[in-house]
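Colleague: I am sharing protein35.txt, which consists of compact mmCIF, C-alpha atoms:
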# COMPACT_ATOMS: atom_id res chain seq x y z
CA MET A 1 0.00 0.00 0.00
CA LEU A 2 1.02 3.61 -0.36
CA GLN A 3 2.97 5.28 2.41
CA LEU A 4 1.09 8.04 4.22
CA GLN A 5 4.03 10.41 4.19
CA ALA A 6 4.28 10.01 0.42
CA ILE A 7 0.54 10.68 0.07
CA ARG A 8 0.93 13.90 2.08
CA GLU A 9 3.99 15.07 0.14
CA SER A 10 2.87 14.04 -3.36
CA LYS A 11 -0.92 14.06 -3.24
CA ASN A 12 -1.44 16.10 -6.41
CA GLU A 13 1.12 14.07 -8.34
CA PHE A 14 -0.56 10.84 -7.18
CA ILE A 15 -3.98 12.11 -8.26
CA THR A 16 -2.61 12.87 -11.73
CA ALA A 17 -0.79 9.54 -12.00
CA LEU A 18 -3.80 7.50 -10.89
CA LYS A 19 -5.86 9.03 -13.68
CA LYS A 20 -3.93 6.61 -15.90
CA ARG A 21 -5.81 3.87 -14.06
CA ASN A 22 -9.03 5.77 -14.78
CA ILE A 23 -9.43 6.50 -11.08
CA ASP A 24 -10.40 9.79 -9.45
CA ALA A 25 -8.20 9.31 -6.39
CA ALA A 26 -8.72 12.75 -4.84
CA PRO A 27 -11.53 11.69 -2.46
CA LEU A 28 -9.59 8.61 -1.31
CA LEU A 29 -6.35 10.48 -0.72
CA ASP A 30 -8.10 13.38 1.04
CA LYS A 31 -9.92 10.94 3.31
CA ALA A 32 -6.67 9.10 4.06
CA ILE A 33 -5.01 12.36 5.11
CA ALA A 34 -8.04 13.36 7.22
CA LEU A 35 -8.09 9.98 8.97
CA ASP A 36 -4.35 10.18 9.57
CA ASP A 37 -4.81 13.67 11.06
CA LYS A 38 -7.50 12.28 13.36
CA ARG A 39 -5.29 9.34 14.28
CA ARG A 40 -2.38 11.64 15.15
CA GLU A 41 -4.62 13.99 17.13
CA THR A 42 -6.17 11.11 19.07
CA GLN A 43 -2.76 9.58 19.74
CA THR A 44 -1.50 12.90 21.11
CA LYS A 45 -4.51 13.23 23.43
CA LEU A 46 -4.11 9.63 24.58
CA ASP A 47 -0.40 10.10 25.29
CA LYS A 48 -1.14 13.26 27.24
CA THR A 49 -3.91 11.57 29.25
CA LEU A 50 -1.76 8.54 30.07
CA ALA A 51 1.15 10.75 31.08
CA GLU A 52 -1.09 12.79 33.39
CA SER A 53 -2.53 9.60 34.88
CA ASN A 54 0.93 8.15 35.50
CA SER A 55 2.09 11.39 37.11
CA LEU A 56 -0.92 11.45 39.44
CA SER A 57 -0.36 7.80 40.37
CA LYS A 58 3.16 8.64 41.52
CA GLU A 59 1.88 11.66 43.42
CA ILE A 60 -0.80 9.52 45.11
CA GLY A 61 1.84 7.05 46.21
CA MET A 62 3.90 9.83 47.80
CA LEU A 63 0.83 11.24 49.56
CA PHE A 64 -0.02 7.88 51.12
CA LYS A 65 3.59 7.48 52.28
CA THR A 66 3.49 10.87 54.00
CA GLY A 67 0.13 10.21 55.65
CA LYS A 68 -1.94 12.49 53.47
CA ALA A 69 -4.62 9.91 52.72
CA GLN A 70 -7.45 12.42 52.21
CA GLU A 71 -5.55 14.31 49.52
CA ALA A 72 -4.56 10.99 47.92
CA THR A 73 -8.21 9.90 47.79
CA VAL A 74 -9.20 13.10 45.96
CA LEU A 75 -6.51 12.50 43.37
CA LYS A 76 -7.56 8.86 42.97
CA GLU A 77 -10.98 10.02 41.86
CA LYS A 78 -9.29 12.16 39.23
CA THR A 79 -7.21 9.22 37.97
CA GLY A 80 -10.45 7.25 37.60
CA VAL A 81 -11.79 9.91 35.27
CA LEU A 82 -8.52 9.91 33.33
CA LYS A 83 -8.64 6.12 32.94
CA GLU A 84 -12.12 6.37 31.49
CA GLU A 85 -10.95 9.11 29.10
CA SER A 86 -7.93 7.04 28.06
CA LYS A 87 -10.14 4.01 27.36
CA VAL A 88 -12.42 6.06 25.13
CA LEU A 89 -9.41 7.56 23.34
CA SER A 90 -7.79 4.13 22.94
CA ASP A 91 -10.97 2.69 21.42
CA THR A 92 -11.25 5.68 19.10
CA LEU A 93 -7.62 5.30 18.08
CA THR A 94 -8.11 1.61 17.25
CA SER A 95 -11.24 2.36 15.24
CA VAL A 96 -9.63 5.19 13.26
CA ALA A 97 -6.47 3.15 12.60
CA GLU A 98 -8.55 0.23 11.29
CA GLU A 99 -10.60 2.54 9.06
CA LEU A 100 -7.42 4.12 7.72
CA GLN A 101 -5.83 0.73 7.05
CA THR A 102 -8.94 -0.49 5.21
CA LEU A 103 -8.94 2.68 3.10
CA LEU A 104 -5.25 2.36 2.21
CA TYR A 105 -5.87 -1.21 1.04
CA GLN A 106 -8.32 0.21 -1.52
CA ILE A 107 -5.82 2.58 -3.17
CA PRO A 108 -3.78 0.97 -5.98
CA ASN A 109 -0.11 1.57 -6.65
CA ILE A 110 1.08 4.64 -8.54
CA PRO A 111 1.85 3.87 -12.22
CA HIS A 112 5.36 4.53 -13.48
CA ASP A 113 5.81 7.54 -15.76
CA SER A 114 6.33 5.21 -18.74
CA VAL A 115 2.94 3.51 -18.30
CA PRO A 116 0.68 4.56 -21.18
CA ALA A 117 -2.81 5.85 -20.51
CA GLY A 118 -5.62 3.56 -21.60
CA ASN A 119 -8.68 1.62 -20.56
CA THR A 120 -8.28 -1.94 -21.80
CA GLU A 121 -5.75 -4.42 -23.15
CA GLU A 122 -6.31 -2.87 -26.57
CA ASP A 123 -4.40 0.19 -25.31
CA ASN A 124 -1.30 -1.74 -24.24
CA GLU A 125 1.89 -0.70 -25.99
CA GLU A 126 3.92 -3.24 -27.96
CA VAL A 127 7.60 -2.63 -27.18
CA PHE A 128 9.24 -5.71 -28.70
CA ALA A 129 8.49 -8.63 -31.00
CA GLU A 130 10.61 -11.53 -32.15
CA GLY A 131 10.30 -14.84 -33.97
CA ASP A 132 8.70 -15.93 -37.21
CA VAL A 133 5.16 -17.22 -37.26
CA PRO A 134 5.36 -20.69 -38.85
CA GLU A 135 3.29 -21.63 -41.87
CA LEU A 136 1.17 -24.56 -40.78
CA VAL A 137 -0.13 -27.40 -42.86
CA SER A 138 -3.64 -27.03 -44.21
CA SER A 139 -4.88 -29.62 -41.75
CA ALA A 140 -3.59 -27.65 -38.72
CA LEU A 141 -5.68 -27.93 -35.56
CA PRO A 142 -6.06 -25.87 -32.38
CA HIS A 143 -4.35 -27.40 -29.36
CA TRP A 144 -7.50 -28.83 -27.76
CA GLU A 145 -8.14 -30.90 -30.88
CA LEU A 146 -4.47 -31.93 -31.06
CA ALA A 147 -4.65 -32.98 -27.41
CA LYS A 148 -7.58 -35.26 -28.19
CA LYS A 149 -6.09 -36.57 -31.45
CA TYR A 150 -2.84 -37.68 -29.77
CA ASP A 151 -4.43 -38.50 -26.39
CA ILE A 152 -2.10 -36.25 -24.38
CA ILE A 153 -4.60 -34.06 -22.48
CA ASP A 154 -8.08 -35.14 -21.41
CA PHE A 155 -10.35 -32.23 -20.57
CA GLU A 156 -13.45 -34.42 -20.11
CA LEU A 157 -11.75 -36.56 -17.46
CA GLY A 158 -10.91 -33.39 -15.55
CA VAL A 159 -14.56 -32.38 -15.65
CA LYS A 160 -15.50 -35.82 -14.30
CA VAL A 161 -13.03 -35.65 -11.43
CA THR A 162 -13.35 -31.96 -10.52
CA GLY A 163 -14.99 -29.70 -13.07
CA ALA A 164 -14.18 -27.52 -16.06
CA GLY A 165 -10.73 -25.97 -16.03
CA PHE A 166 -8.95 -28.93 -14.39
CA PRO A 167 -7.33 -30.93 -17.24
CA VAL A 168 -5.69 -34.36 -16.95
CA TYR A 169 -2.32 -34.64 -18.72
CA LYS A 170 -1.49 -38.08 -20.10
CA GLY A 171 1.51 -39.91 -21.50
CA LYS A 172 3.73 -37.66 -23.57
CA GLY A 173 1.55 -34.70 -22.60
CA ALA A 174 2.39 -35.25 -18.92
CA ARG A 175 6.06 -35.79 -19.74
CA LEU A 176 6.20 -32.60 -21.83
CA GLN A 177 4.59 -30.72 -18.96
CA ARG A 178 7.22 -32.05 -16.53
CA ALA A 179 9.98 -31.27 -19.04
CA LEU A 180 8.88 -27.64 -19.27
CA ILE A 181 8.89 -27.27 -15.47
CA SER A 182 12.40 -28.70 -15.18
CA TYR A 183 13.67 -26.63 -18.09
CA PHE A 184 12.27 -23.39 -16.66
CA LEU A 185 13.70 -24.09 -13.20
CA ASP A 186 17.12 -24.91 -14.67
CA LYS A 187 17.17 -21.73 -16.75
CA ASN A 188 16.24 -19.66 -13.72
CA ALA A 189 18.89 -21.34 -11.57
CA GLU A 190 21.50 -20.63 -14.26
CA ALA A 191 20.47 -16.96 -14.10
CA GLY A 192 21.15 -16.81 -10.35
CA TYR A 193 17.74 -17.64 -8.87
CA THR A 194 17.73 -19.99 -5.89
CA GLU A 195 15.15 -22.75 -6.27
CA ILE A 196 12.72 -23.02 -3.37
CA GLN A 197 9.65 -25.10 -2.56
CA VAL A 198 6.82 -23.34 -0.76
CA PRO A 199 3.35 -24.15 0.62
CA HIS A 200 0.44 -24.16 -1.80
CA LEU A 201 -1.94 -22.68 0.77
CA VAL A 202 -1.44 -19.38 2.56
CA ASN A 203 -3.06 -17.55 5.44
CA GLU A 204 -4.98 -14.29 5.19
CA ALA A 205 -1.97 -12.19 6.25
CA SER A 206 -0.02 -13.52 3.28
CA GLY A 207 -2.85 -12.61 0.90
CA TYR A 208 -2.89 -9.05 2.25
CA GLY A 209 0.91 -8.90 2.21
CA THR A 210 1.25 -9.19 -1.56
CA GLY A 211 -2.04 -7.50 -2.43
CA GLN A 212 -4.23 -10.42 -3.53
CA LEU A 213 -6.51 -9.45 -0.65
CA PRO A 214 -8.79 -7.63 -0.65
CA ASP A 215 -8.43 -6.85 -4.39
CA LYS A 216 -8.70 -10.39 -5.82
CA GLU A 217 -10.65 -12.14 -3.08
CA GLY A 218 -13.29 -13.35 -5.53
CA GLN A 219 -10.65 -15.04 -7.70
CA MET A 220 -9.10 -17.11 -4.89
CA TYR A 221 -10.22 -20.49 -3.61
CA HIS A 222 -10.87 -20.24 0.13
CA VAL A 223 -10.74 -23.13 2.60
CA GLY A 224 -13.27 -21.76 5.05
CA GLU A 225 -12.82 -24.16 7.96
CA ASP A 226 -9.09 -23.39 8.18
CA ASP A 227 -9.26 -19.82 6.81
CA LEU A 228 -6.58 -20.58 4.22
CA TYR A 229 -6.35 -19.69 0.54
CA LEU A 230 -5.07 -21.79 -2.36
CA ILE A 231 -2.32 -19.78 -4.00
CA PRO A 232 -3.03 -18.03 -7.33
CA THR A 233 0.73 -17.75 -7.94
CA ALA A 234 3.99 -18.65 -6.18
CA GLU A 235 4.58 -14.92 -5.79
CA VAL A 236 2.37 -14.99 -2.68
CA PRO A 237 4.20 -17.54 -0.50
CA VAL A 238 7.68 -16.68 -1.81
CA THR A 239 7.39 -12.93 -1.21
CA ASN A 240 5.78 -13.51 2.19
CA LEU A 241 8.87 -15.38 3.35
CA PHE A 242 10.21 -11.89 4.03
CA ARG A 243 7.16 -10.50 5.82
CA GLY A 244 8.24 -8.56 8.92
CA GLU A 245 11.94 -8.97 8.13
CA ILE A 246 14.73 -6.41 8.26
CA ILE A 247 17.34 -7.61 5.80
CA LYS A 248 20.93 -6.52 5.45
CA GLU A 249 21.82 -4.25 2.55
CA GLU A 250 24.58 -6.62 1.44
CA GLN A 251 21.95 -9.37 0.92
CA PHE A 252 20.63 -7.60 -2.20
CA PRO A 253 19.61 -8.86 -4.62
CA ILE A 254 17.56 -11.74 -3.20
CA CYS A 255 16.45 -13.97 -6.09
CA TYR A 256 14.17 -17.00 -5.77
CA THR A 257 12.44 -19.29 -8.24
CA ALA A 258 9.65 -21.72 -7.42
CA TYR A 259 7.43 -24.17 -9.22
CA THR A 260 3.87 -24.49 -7.90
CA PRO A 261 0.43 -25.39 -9.11
CA CYS A 262 -1.73 -22.27 -9.17
CA PHE A 263 -5.45 -22.00 -8.46
CA ARG A 264 -7.76 -19.28 -9.77
CA ARG A 265 -11.54 -19.23 -9.79
CA GLU A 266 -11.59 -16.94 -12.85
CA ALA A 267 -15.20 -16.09 -12.06
CA GLY A 268 -17.21 -14.88 -15.03
CA SER A 269 -14.84 -16.27 -17.69
CA TYR A 270 -16.81 -17.86 -20.50
CA GLY A 271 -16.69 -18.18 -24.27
CA ALA A 272 -14.56 -19.64 -27.04
CA HIS A 273 -11.45 -17.71 -25.96
CA VAL A 274 -11.19 -19.84 -22.81
CA ARG A 275 -11.26 -23.21 -24.59
CA GLY A 276 -8.64 -25.85 -23.91
CA LEU A 277 -5.58 -24.54 -22.10
CA ASN A 278 -6.36 -20.88 -22.75
CA ARG A 279 -7.78 -20.36 -19.27
CA LEU A 280 -7.76 -22.86 -16.41
CA HIS A 281 -8.71 -23.02 -12.75
CA GLN A 282 -5.60 -25.10 -11.93
CA PHE A 283 -2.36 -24.75 -13.83
CA ASP A 284 1.39 -25.06 -13.33
CA LYS A 285 3.73 -22.10 -13.26
CA VAL A 286 7.38 -21.39 -12.53
CA GLU A 287 7.87 -18.00 -10.88
CA ILE A 288 10.83 -15.70 -10.29
CA VAL A 289 10.78 -13.28 -7.34
CA ARG A 290 13.32 -10.60 -6.45
CA VAL A 291 13.83 -8.39 -3.41
CA GLU A 292 15.92 -5.43 -4.47
CA HIS A 293 17.51 -2.22 -3.26
CA PRO A 294 15.25 0.66 -4.42
CA SER A 295 18.04 2.10 -6.59
CA LYS A 296 18.36 -1.17 -8.52
CA SER A 297 14.78 -2.35 -9.01
CA PHE A 298 14.17 -1.03 -12.53
CA GLU A 299 17.52 -2.35 -13.70
CA ALA A 300 16.43 -5.69 -12.23
CA LEU A 301 13.08 -5.44 -14.05
CA ASP A 302 14.89 -4.98 -17.37
CA GLY A 303 17.05 -8.00 -16.56
CA MET A 304 13.99 -10.13 -15.83
CA VAL A 305 12.46 -9.13 -19.17
CA GLU A 306 15.63 -10.14 -21.00
CA HIS A 307 15.72 -13.43 -19.11
CA VAL A 308 12.21 -14.37 -20.25
CA LYS A 309 13.09 -13.30 -23.80
CA ASN A 310 16.03 -15.71 -23.80
CA ILE A 311 13.82 -18.62 -22.74
CA LEU A 312 11.36 -17.93 -25.56
CA ARG A 313 14.24 -17.62 -28.03
CA GLU A 314 15.41 -21.09 -27.04
CA LEU A 315 11.89 -22.46 -27.41
CA LYS A 316 11.74 -20.75 -30.83
CA LEU A 317 8.25 -19.44 -30.28
CA PRO A 318 7.05 -16.19 -31.90
CA TYR A 319 6.32 -13.71 -29.13
CA ARG A 320 5.83 -10.06 -28.33
CA VAL A 321 6.28 -7.88 -25.24
CA LEU A 322 3.65 -5.33 -24.17
CA ARG A 323 3.93 -2.47 -21.71
CA LEU A 324 0.58 -2.51 -19.94
CA CYS A 325 -1.54 0.62 -19.97
CA GLY A 326 -2.96 2.12 -16.78
CA GLY A 327 -6.36 0.51 -17.20
CA ASP A 328 -4.86 -2.98 -17.59
CA LEU A 329 -2.15 -2.61 -14.95
CA GLY A 330 -2.35 -4.87 -11.90
CA PHE A 331 -3.50 -3.30 -8.63
CA THR A 332 -0.09 -3.57 -6.91
CA SER A 333 2.22 -2.92 -9.86
CA VAL A 334 3.91 0.30 -10.95
CA LEU A 335 5.09 -1.16 -14.26
CA THR A 336 4.28 -4.49 -15.94
CA TYR A 337 5.49 -6.11 -19.13
CA ASP A 338 3.31 -8.87 -20.54
CA PHE A 339 4.72 -11.56 -22.82
CA GLU A 340 2.42 -13.09 -25.40
CA VAL A 341 3.10 -16.06 -27.67
CA PHE A 342 1.39 -16.28 -31.03
CA SER A 343 -0.98 -19.20 -31.36
CA THR A 344 -0.87 -19.92 -35.07
CA ALA A 345 -3.78 -22.36 -35.15
CA GLN A 346 -6.01 -19.94 -33.20
CA ASP A 347 -4.62 -16.88 -34.99
CA ARG A 348 -4.35 -14.95 -31.72
CA TRP A 349 -1.89 -13.88 -29.08
CA LEU A 350 -1.85 -15.72 -25.74
CA GLU A 351 -0.43 -14.17 -22.57
CA ILE A 352 2.26 -16.40 -21.06
CA SER A 353 4.08 -14.12 -18.60
CA SER A 354 3.80 -10.92 -16.62
CA VAL A 355 6.94 -9.29 -15.22
CA SER A 356 6.30 -6.52 -12.70
CA ASN A 357 7.96 -4.05 -10.36
CA PHE A 358 5.92 -3.20 -7.25
CA GLU A 359 8.48 -0.78 -5.80
CA ALA A 360 7.69 -0.42 -2.04
CA TYR A 361 3.93 -1.11 -2.33
CA GLN A 362 4.11 -4.74 -1.20
CA SER A 363 6.98 -4.06 1.20
CA ASN A 364 4.88 -1.50 3.07
CA ARG A 365 2.18 -4.13 3.58
CA LEU A 366 4.78 -6.77 4.44
CA LYS A 367 6.91 -4.46 6.62
CA LEU A 368 9.89 -5.68 4.61
CA ARG A 369 12.75 -3.31 5.34
CA PHE A 370 16.49 -2.89 5.22
CA LYS A 371 18.89 -0.53 6.95
CA ASP A 372 20.73 1.80 4.60
CA GLU A 373 24.33 2.97 4.95
CA ASN A 374 23.22 5.57 7.49
CA GLY A 375 21.41 2.99 9.62
CA LYS A 376 17.98 4.28 8.57
CA SER A 377 15.22 1.76 7.88
CA GLN A 378 13.79 1.82 4.36
CA PHE A 379 11.35 -0.36 2.49
CA ALA A 380 12.87 -2.75 -0.04
CA HIS A 381 11.46 -3.12 -3.55
CA THR A 382 9.83 -6.35 -4.71
CA LEU A 383 9.46 -7.76 -8.22
CA ASN A 384 8.09 -10.93 -9.72
CA GLY A 385 7.57 -12.60 -13.06
CA SER A 386 6.27 -15.77 -14.69
CA SER A 387 9.14 -17.78 -16.05
CA LEU A 388 6.92 -19.23 -17.32
CA ALA A 389 3.22 -20.12 -17.00
CA LEU A 390 2.83 -23.52 -18.61
CA PRO A 391 -0.66 -23.85 -20.17
CA ARG A 392 -0.37 -21.31 -22.96
CA VAL A 393 3.31 -22.10 -23.56
CA LEU A 394 2.24 -25.70 -24.04
CA ALA A 395 -0.63 -24.58 -26.28
CA GLY A 396 1.84 -22.55 -28.37
CA ILE A 397 4.22 -25.49 -28.70
CA LEU A 398 1.46 -27.93 -29.70
CA GLU A 399 0.04 -25.58 -32.32
CA ASN A 400 3.21 -24.01 -33.73
CA TYR A 401 5.21 -27.25 -33.85
CA GLN A 402 2.52 -29.42 -35.44
CA VAL A 403 3.37 -31.16 -38.72
CA GLU A 404 1.48 -33.60 -40.96
CA ASP A 405 2.31 -36.67 -38.90
CA GLY A 406 2.53 -35.32 -35.36
CA ILE A 407 3.93 -32.60 -33.13
CA GLU A 408 7.66 -31.95 -33.02
CA ILE A 409 9.34 -31.08 -29.72
CA PRO A 410 11.46 -27.91 -29.41
CA GLU A 411 15.11 -28.94 -29.62
CA VAL A 412 15.98 -27.51 -26.21
CA LEU A 413 13.31 -29.71 -24.55
CA ILE A 414 14.25 -33.04 -26.14
CA PRO A 415 16.83 -33.93 -23.42
CA TYR A 416 14.17 -33.24 -20.78
CA CYS A 417 11.40 -35.15 -22.58
CA GLY A 418 13.32 -38.14 -23.79
CA PHE A 419 11.46 -38.00 -27.10
CA SER A 420 11.48 -35.68 -30.13
CA LYS A 421 7.95 -36.07 -31.42
CA ILE A 422 4.38 -36.68 -30.33
CA ASP A 423 2.64 -38.95 -32.83
Output the file's structure in the form of C-alpha cells.
Modeller:
Amino acid sequence: MLQLQAIRESKNEFITALKKRNIDAAPLLDKAIALDDKRRETQTKLDKTLAESNSLSKEIGMLFKTGKAQEATVLKEKTGVLKEESKVLSDTLTSVAEELQTLLYQIPNIPHDSVPAGNTEEDNEEVFAEGDVPELVSSALPHWELAKKYDIIDFELGVKVTGAGFPVYKGKGARLQRALISYFLDKNAEAGYTEIQVPHLVNEASGYGTGQLPDKEGQMYHVGEDDLYLIPTAEVPVTNLFRGEIIKEEQFPICYTAYTPCFRREAGSYGAHVRGLNRLHQFDKVEIVRVEHPSKSFEALDGMVEHVKNILRELKLPYRVLRLCGGDLGFTSVLTYDFEVFSTAQDRWLEISSVSNFEAYQSNRLKLRFKDENGKSQFAHTLNGSSLALPRVLAGILENYQVEDGIEIPEVLIPYCGFSKID
C-alpha cells in the first residue's frame, strides 16, 4: 500500500498519475489524510492523558507514604476519570487506525511515468516482438483438438473428477509438462535464482501482504474451515517469506524461483477464448521473485524481461512484449510487461508471462525493510515474473510445432522429454 508520508507530500502528483488507471483518487487520498490527522490527534490526546494519569499515580503514592490519605483519595478520583478518558481515546484510536488501514488497502499503486494511458488491453503498448510465425499445414488444428487426437490431455476426465478448467495430462503430454517445469527451473537457476519449494496454501496475512486481498478475493479459492487460501501464484508464499523482516543491505539482490500449481476461480470467464488450455482453474507455473535495493529495481526489471526473452528464443516461439496501460495494470504494480506467444492455429496472441515491479507497495504491507548505509530503515522493492506459466506455452508449442504426422518437440526440450515427437 502507499505510504502516508508520500501521500501527504505528493498528493497532487498521485492524483494525476492514478488518472492513468481511470481513477479519481482525490476523495480517497483526502480521506486518508483526514483519517491520519484524526489518528495523530487522538494519539497525542491519549499520550497526554496517560502521562497525566501516570504522574498522578506517583503523586498519590507519595501522599499515602506521607500520611496524606485524604488528599490521595481526591486524586484517585481524578485518575479514575482519566482512565475512562484514556479508554475512550484508545478505542477511538483503534477504530480510526482500522478505518485508515482499510482505506489504504483500496488505493492501488502509482503507475510509473512510462505507463501509457488507456482503458483496456487494446491500449497496451507493444515494445518488442521476435520470432517468425510458422506456416502450418492445411490440416492444422487448435491445441485442444491436437490434445484429443494424440491423447495427451483429457479435458473431459478433468470435468468428471473436478470440473471444467482442471485438465488431466497423459503420457507424452504429462512428460512434456514435466519437461517444461524442469527446463524453466534450470534456466532460472543458471540466471542466479535460488530454487525453493513453498506451501500451496497461505493464510490471510499472506494474501494481504502481496495484495491479492482484498483486491482479488473473488478469484481465490478459500478453505473456510481453516481460513486458508489456495495460491493463485507462487509470488504470494515466496514474497511472504520476508514478511516482517529487516534484511541486510549486502543481501541484495535476493532472487528466488519456485514451481507451484496455481489455483484461480476466474469467475465470469466464458466463451470460445477460454477453450482448452487458454484459461484454467488449476495450472502449473514457474515464478521468479526478487527483493531489491530501491536504486536497482528497474535495472532488475529490465534483466527479468531479458531473461524471459532468452527462454522464448530457445523455445523458438514467436512472441511479443507489451507495456501494460494504466487501465490494464495490476493493482499492486507500478510497471508491468506482458509476454504473449502467437498461437498460429487460433490466430491470436496468448499471454504467457507478466513481469512486474511493485516498488515499495508490497513491502509497506509486508513491513519488509532494510537498513541503509546511514542505519535508517527503508522499504525494499519487490518484483516478480512468470518464467513461465505452462498452459499457454504448451498450447503454443502444440500448435506451432505441429506437422502432418505429429507434433515436433522444441530442440531444447528433447533432453528433458526423452522423445522428439508426439505422434
Colleague: Check the smallest atom-to-atom distance from each of A:Glu195, A:Asp132, A:Glu122, A:Glu299 to Cys325 of chain A using all atoms listed in the file, then report the winner.
Modeller: A:Glu122
Colleague: Let me make sure I understand: among A:Ser90, A:Ser363, A:Ser139, A:Thr336, which one has the smallest atom-to-atom distance to Ser114 of chain A if we use all atoms listed in the file?
Modeller: A:Thr336
Colleague: Which is closest to Asp227 of chain A among A:Glu71, A:Glu204, A:Asp47, A:Glu266, if we use all atoms listed in the file?
Modeller: A:Glu204
Colleague: Could you tell me which of A:Lys48, A:Arg348, A:Lys309, A:Lys19 comes closest to Lys83 of chain A if we count only C-alpha atoms?
Modeller: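 Smallest distance to Lys83 of chain A is found for A:Lys48.
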Colleague: Please identify every residue of segment 31-141 of chain A that has at least one atom no farther than 10 Å from an atom of segment 356-359 of chain A, counting all atoms listed in the file, and for each give the shortest atom pair and the distance in Å to one decimal, arranged by chain then increasing number, as a tab-separated table.
Modeller:
residue	atom	partner	partner_atom	distance
A:Asn109	CA	A:Phe358	CA	7.7
A:Ile110	CA	A:Phe358	CA	9.3
A:Pro111	CA	A:Phe358	CA	9.6
A:His112	CA	A:Asn357	CA	9.5
Colleague: Would you kindly return, as an mmCIF file with C-alpha atoms, in the frame of the given file, each protein, DNA or RNA residue with an atom no farther than 10 Å from any atom of Gln3 of chain A, considering only C-alpha atoms and excluding same-chain residues fewer than 6 positions away?
Modeller:
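Output contents, as saved in result38.cif:
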data_model
loop_
_atom_site.group_PDB
_atom_site.id
_atom_site.type_symbol
_atom_site.label_atom_id
_atom_site.label_comp_id
_atom_site.auth_asym_id
_atom_site.auth_seq_id
_atom_site.Cartn_x
_atom_site.Cartn_y
_atom_site.Cartn_z
ATOM 1 C CA LEU A 104 -5.250 2.360 2.210
ATOM 2 C CA ALA A 360 7.690 -0.420 -2.040
ATOM 3 C CA TYR A 361 3.930 -1.110 -2.330
ATOM 4 C CA ASN A 364 4.880 -1.500 3.070
ATOM 5 C CA ARG A 365 2.180 -4.130 3.580
#
Colleague: Can you tell me, as number ranges by chain, what residues are no more than 12 Å from Asn203 of chain A when counting all atoms listed in the file, ignoring any on the same chain fewer than 5 positions away?
Modeller: A: 208-210, 212-213, 220-224, 226-231, 236-237, 240
Colleague: Tell me, in Å to one decimal, how far atom CA of Pro391 of chain A is from atom CA of Leu350 of chain A.
Modeller: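 Computing the Euclidean distance for atom CA of Pro391 of chain A and atom CA of Leu350 of chain A yields 9.9 Å.
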Colleague: Between atom CA of Asp36 of chain A and atom CA of Ser95 of chain A, measure the distance and give it in Å to one decimal.
Modeller: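 According to the coordinates, atom CA of Asp36 of chain A and atom CA of Ser95 of chain A are separated by 11.9 Å.
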Colleague: For Ala97 of chain A, list every protein, DNA or RNA residue within 9 Å, evaluated using all atoms listed in the file, and leave out those in the same chain fewer than 4 positions away; present the list as a VMD selection string.
Modeller: chain A and resid 35 to 36 39 92 to 93 101 to 102
Colleague: Neighbouring residues of Tyr401 of chain A were defined as those with any atom within 9 Å, considering only C-alpha atoms; residues of the same chain fewer than 6 positions away were excluded. Please report them as a ChimeraX atom specification.
Modeller: /A:134,136,407-410
Colleague: Tell me which of A:Tyr259, A:Phe14, A:Tyr169, A:Tyr183 sits closest to Pro108 of chain A, counting all atoms listed in the file.
Modeller: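 The answer is A:Phe14, which sits nearest to Pro108 of chain A.
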Colleague: Using atom CA of Gln219 of chain A and atom CA of Leu29 of chain A as the two end points, give the distance in Å to one decimal.
Modeller: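 Atom CA of Gln219 of chain A sits 26.8 Å away from atom CA of Leu29 of chain A.
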Colleague: Could you tell me which of A:Gly326, A:Gly396, A:Pro199, A:Gly375 comes closest to Thr16 of chain A if we count all atoms listed in the file?
Modeller: A:Gly326
Colleague: Using only C-alpha atoms, what table do you get, as JSON lines, when you list each residue of segment 285-388 of chain A with an atom no more than 8 Å from segment 115-121 of chain A, its nearest pair of atoms, and their distance in Å rounded to one decimal, rows by chain then rising number?
Modeller:
{"residue": "A:Arg323", "atom": "CA", "partner": "A:Val115", "partner_atom": "CA", "distance": 7.0}
{"residue": "A:Leu324", "atom": "CA", "partner": "A:Val115", "partner_atom": "CA", "distance": 6.7}
{"residue": "A:Cys325", "atom": "CA", "partner": "A:Pro116", "partner_atom": "CA", "distance": 4.7}
{"residue": "A:Gly326", "atom": "CA", "partner": "A:Ala117", "partner_atom": "CA", "distance": 5.3}
{"residue": "A:Gly327", "atom": "CA", "partner": "A:Asn119", "partner_atom": "CA", "distance": 4.2}
{"residue": "A:Asp328", "atom": "CA", "partner": "A:Thr120", "partner_atom": "CA", "distance": 5.5}
{"residue": "A:Leu335", "atom": "CA", "partner": "A:Val115", "partner_atom": "CA", "distance": 6.5}
Colleague: Need to verify the contact set: Val137 of chain A, 9 Å, all atoms listed in the file, exclusion of same-chain residues closer than 4 positions in sequence. Can you return it as a PDB file with C-alpha atoms, in the coordinates of the input?
Modeller:
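Done, and the output landed in out_11.pdb:
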ATOM      1  CA  GLN A 402       2.520 -29.420 -35.440  1.00  0.00           C
ATOM      2  CA  VAL A 403       3.370 -31.160 -38.720  1.00  0.00           C
ATOM      3  CA  GLU A 404       1.480 -33.600 -40.960  1.00  0.00           C
TER       4      GLU A 404
END
Colleague: Only N, CA and C atoms needed: put segment 316-321 of chain A from the block into a file as a compact mmCIF listing (two decimals), in the first residue's frame.
Modeller:
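Contents of the output file decode08.txt:
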# COMPACT_ATOMS: atom_id res chain seq x y z
N LYS A 316 12.02 -21.13 -29.44
CA LYS A 316 11.74 -20.75 -30.83
C LYS A 316 10.24 -20.56 -31.07
N LEU A 317 9.65 -19.79 -30.14
CA LEU A 317 8.25 -19.44 -30.28
C LEU A 317 8.13 -17.96 -30.65
N PRO A 318 7.27 -17.61 -31.59
CA PRO A 318 7.05 -16.19 -31.90
C PRO A 318 6.35 -15.51 -30.73
N TYR A 319 6.89 -14.38 -30.31
CA TYR A 319 6.32 -13.71 -29.13
C TYR A 319 6.44 -12.21 -29.27
N ARG A 320 5.71 -11.51 -28.41
CA ARG A 320 5.83 -10.06 -28.33
C ARG A 320 5.77 -9.65 -26.86
N VAL A 321 6.27 -8.43 -26.60
CA VAL A 321 6.28 -7.88 -25.24
C VAL A 321 5.44 -6.61 -25.25
